[in-house]
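K.L.:
Encoded as C-alpha cells, here's the structure I'll be asking about.
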Amino acid sequence: MTTQTFRARLLACAALTASLCLAAPAFAQDHAGHDMGAMSDADMKAMAPAPDAPNSQSMPDMDMVMTSPLGGYAMARDASGTSWQPDASPHDGIMVHKGAWMLMGHALFNGVYDNQGGPRGGDKAFLAGMVMGMAQRPLGGGTLGFKAMVSPDPFMGKSGYPLLLATGETADGASPLVDRQHPHDLFMELSASYSHPLGGGFDGYLYAGLPGEPAFGPPAFMHRQAALDSPEAPITHHWFDSTHITFGVVTAGLSRQNWKVEVSGFRGREPDQHRYNIETGRLDSVAARLSWNPTANWALQASWARINSPEALEPDDDEARTSLSALYSRPFGNDGSISATLAWARKDRIPGDALQAWLFEGAIQPDRHWTIFTRAEQVEQDELAGHHGGVQAVRKLSVGAIYDVPLSDNVKLGFGGLASAFDTPSALGYDDPAGGMAFVRLKIG
C-alpha cells in the first residue's frame with residue numbers, strides 16, 4: 001500500500017466518523033447511558049448531588065446523580081485512574097448499596113484469534129479482558145473510595161500476541177518485544193482514594209495505587225469509549241498510556257466544576273516480565289495533568305511526565321513525555337452513542353531522539369446491538385529495525401465491528417472482527433502486510 005493510498009483511506013475514515021459526530025445532535029437524546037443494575041429509587045435518592053456538572057441539561061434526567069469518589073461531579077466523568085472522559089459517556093456497571101457503601105462492578109472478556117500477515121507477522125488465539133470492582137462511602141465529610149482491577153492477560157503467555165508495529169517492555173527480561181503486544185499484569189489496579197470539599201466549590205483528593213495510574217495522558221485505551229470495543233492494543237500505547245499499570249503512585253488533585261489540576265509521584269519502571277506479582281520501588285518520577293470538560297460532550301487534557309528508567313533493558317535511559325488529547329461522546333438515537341478520540345504525544349528519550357505519535361479513534365453504536373469502530377495511528381519508531389536502529393514513521397489503520405446479543409439485563413455476548421492495513425518503509429521488511437482479528441466477547445454489567 002502506498003503512503004498516498006493509506007492517507008486517503010485514513011482521511012476518508014476520519015471524515016466519516018467526524019461527520020456522524022457532528023450530525024448526532026439531530027438524533028441524540030439528552031441522557032447518558034447509565035445502567036442502574038440493582039439500584040432502587042431509594043438508592044438513587046441516597047446518592048449525593050453533583051450540582052456543578054457542566055451542561056447539566058445533558059445529564060441524566062433525575063434529581064440526584066451518582067457522584068464521583070474524587071470530587072463533586074458526576075461519576076460518569078471518571079475513567080481509568082483519575083483521568084476524565086466526557087460526562088455524556090455511557091457508564092455501565094452493576095450497582096448495589098450495602099449500608100453506607102455503594103458497590104459497582106463489571107467484567108469484559110475477549111476470546112480472540114489474531115492473524116498478522118507478512119514475514120514479520122504471526123497468529124495466535126488468546127484470552128484478554130478485565131474484571132473491575134469499586135466501592136465508596138461517605139467518611140468525615142468527604143468520600144472514601146477503593147478500586148480493584150484484574151486481568152486474565154497473563155494466561156496468554158509472557159510473549160503476548162502478534163501485533164505488527166508494536167514495541168515495548170520485555171517478555172523474558174533479556175530482549176524487548178517487537179511486533180508483539182505484551183500481556184498486562186494480573187493486577188492492573190489496586191487503589192484507594194479520599195476526597196473532601198474545600199469550600200468555594202473546590203474539591204481536593206488524594207489517590208494511591210499499588211498498582212495505580214499516574215496523572216498522565218488520556219484514559220487508558222481499554223477505558224476510552226471510542227476504543228473499548230476493539231480487542232487490539234494501539235501501537236501508540238507506549239506514548240499515551242503505558243503508565244496505566246504503575247507499581248507505586250500517589251496523586252494529589254484539585255477540581256472545581258469542569259476543570260482539574262493534579263500532580264503525581266510514581267515509580268517510573270514499567271512492569272517486568274513477571275506478570276503475577278506486585279512490584280515495589282521508590283517513587284522516582286513525576287507527572288502533572290490539566291483536565292477541562294467544557295461541555296458534557298468533551299473532555300480535554302494536557303499532561304507532562306518525567307519518567308525515570310522506564311525500560312528494564314535500558315536502566316540508564318530516562319524519558320520526558322508530553323500529551324494532548326480531546327475525547328468526544330454523546331448519545332445517538334434511542335439506545336446508541338457516538339464517541340471519538342484525537343490525541344498527540346511526544347516521547348523525548350534522555351539521551352536520544354524525540355519521537356511523536358498521533359492517534360484518532362471513533363466508534364458508532366446506532367443501537368443496542370451493533371458497534372462500528374476504527375483507529376488510525378502514526379508513530380515515529382526507533383525499535384523496529386533493531387535496538388534504536390534509526391527513526392522510521394509508520395502508520396496503521398484498523399476498522400471493525402461487533403454485534404452484541406443480550407443474554408440478560410446485565411450480560412451481553414458479542415461477535416466481532418476487525419481488519420488492519422499498514423504503511424511502512426520498505427527497508428523494514430514488512431512486505432505490505434495485512435492483519436485481522438476475529439473475536440467473541442462476554443460483557444457483564
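As shown in the C-alpha cells, the chain order sets the letters A, B, ...; within each chain, residues go from 1, and ligands are also counted from 1 in the order they appear.
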Considering only C-alpha atoms, return as a count of residues only whatever protein or nucleic-acid residues lie within 12 Å of Ile372 (chain A), sequence-local ones (same chain, fewer than 3 positions apart) excluded.
P.N.:
33
K.L.:
Please report, as number ranges by chain, each residue of region 291-367 of chain A to which DSSP assigns strand (DSSP E or B) when run on this structure's backbone.
P.N.:
A: 291-292, 298-307, 318-332, 336-350, 354-365
K.L.:
Could you tell me how far CA of Phe247 (chain A) lies from CA of Ala320 (chain A), in Å and to one decimal?
P.N.:
18.7 Å
K.L.:
Need the shell around Glu189 (chain A): protein/DNA/RNA residues with any atom at most 6 Å away, counting only C-alpha atoms. Skip same-chain ones fewer than 3 positions apart. Format as a PDB file with C-alpha atoms, in the first residue's frame?
P.N.:
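Final output, around.pdb:
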```
ATOM      1  CA  ALA A 148      -9.559  -3.084  42.059  1.00  0.00           C
ATOM      2  CA  MET A 149      -8.988  -4.405  38.551  1.00  0.00           C
ATOM      3  CA  PRO A 211      -0.561  -0.663  41.118  1.00  0.00           C
ATOM      4  CA  GLY A 212      -2.290   2.511  40.004  1.00  0.00           C
TER       5      GLY A 212
END
```
K.L.:
Go through A:Ala233, A:Ala174, A:Met134, A:Leu313 one by one, measure the shortest atom-to-atom distance of each to Met104 (chain A) using only C-alpha atoms, and give the residue with the smallest value.
P.N.:
A:Met134
K.L.:
Compare A:Asp123, A:Glu377, A:Asp353, A:Asp317 by their minimum atom-to-atom distance to Ala421 (chain A), counting only C-alpha atoms, and give me the closest one.
P.N.:
A:Glu377
K.L.:
Go through A:Leu177, A:Ile307, A:Ile350, A:Ala208 one by one, measure the shortest atom-to-atom distance of each to Gly268 (chain A) using only C-alpha atoms, and give the residue with the smallest value.
P.N.:
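Between A:Leu177, A:Ile307, A:Ile350, A:Ala208, the residue approaching Gly268 (chain A) most closely is A:Ile307.
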K.L.:
Name the residues in contact with Ala128 (chain A) at a cut-off of 8 Å, using only C-alpha atoms, excluding same-chain residues fewer than 5 positions from it; report them as a VMD selection string.
P.N.:
chain A and resid 109 to 112 151 to 153 156 231
K.L.:
Just to be explicit: take each residue in the selection above, keep C-alpha atoms, and write the result as a compact mmCIF listing (two decimals), in the first residue's frame.
P.N.:
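The resulting out-v3.txt:
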```
# COMPACT_ATOMS: atom_id res chain seq x y z
CA PHE A 109 -13.59 -10.99 28.33
CA ASN A 110 -12.43 -11.29 24.72
CA GLY A 111 -11.63 -14.65 23.15
CA VAL A 112 -9.52 -13.65 20.14
CA SER A 151 -6.91 -9.26 34.05
CA PRO A 152 -6.67 -12.75 32.51
CA ASP A 153 -3.91 -11.49 30.17
CA MET A 156 -1.84 -15.86 27.17
CA PRO A 231 -9.64 -6.14 21.30
```
K.L.:
Quick one: distance from CA of Thr67 (chain A) to CA of Phe221 (chain A) in Å, one decimal?
P.N.:
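Between CA of Thr67 (chain A) and CA of Phe221 (chain A) the gap is 23.4 Å.
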K.L.:
Taking 2 positions as the minimum chain separation for residues in the same chain, which residues sit within 10 Å of Asn297 (chain A) when counting only C-alpha atoms? Answer as a ChimeraX atom specification.
P.N.:
/A:54-55,58,85-89,293-295,299,327-331,339
K.L.:
Write the residues you've just listed into a file as a tab-separated table (two decimals), in the first residue's frame, and include C-alpha atoms for each of them.
P.N.:
```tsv
chain	number	residue	atom	x	y	z
A	54	PRO	CA	-21.21	21.32	33.14
A	55	ASN	CA	-24.15	21.42	30.74
A	58	SER	CA	-27.34	16.86	29.02
A	85	GLN	CA	-13.89	11.32	29.96
A	86	PRO	CA	-16.92	13.30	28.68
A	87	ASP	CA	-19.80	13.48	31.15
A	88	ALA	CA	-22.12	12.16	28.41
A	89	SER	CA	-20.16	8.89	28.10
A	293	ASN	CA	-14.57	19.37	30.33
A	294	PRO	CA	-16.01	22.49	28.65
A	295	THR	CA	-19.34	20.74	27.94
A	299	ALA	CA	-13.01	16.04	27.75
A	327	LEU	CA	-12.36	12.97	23.80
A	328	TYR	CA	-15.90	13.36	22.45
A	329	SER	CA	-19.07	11.44	23.33
A	330	ARG	CA	-22.80	11.85	23.01
A	331	PRO	CA	-25.96	9.69	22.91
A	339	SER	CA	-17.52	8.69	20.58
```
K.L.:
Smallest atom-to-atom distance to Ser303 (chain A): which of A:Ala376, A:Thr243, A:Tyr276, A:Pro218, using only C-alpha atoms?
P.N.:
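Checking each candidate against Ser303 (chain A), we get A:Pro218 as the closest.
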K.L.:
So which residues touch region 101-103 of chain A within 10 Å, counting only C-alpha atoms, skipping near sequence neighbours fewer than 2 positions away, as a list in words?
P.N.:
Met39, Asp43, Ala46, Met47, Met66, Gly93, Ile94, Met95, Val96, His97, Lys98, Gly99, Gly105, Gly133, Met134, Ala135, Gln136, Arg137, Pro138, Leu144, Gly145 and Phe146 of chain A
K.L.:
Distance CA of Tyr194 (chain A)-CA of Trp259 (chain A), one decimal place?
P.N.:
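Interatomic distance here is 18.3 Å.
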K.L.:
Determine the nearest neighbour of Ser420 (chain A) from the options A:Pro433, A:Gly118, A:Gly248, A:Pro351, counting only C-alpha atoms.
P.N.:
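Under the stated criterion, the closest residue is A:Pro433.
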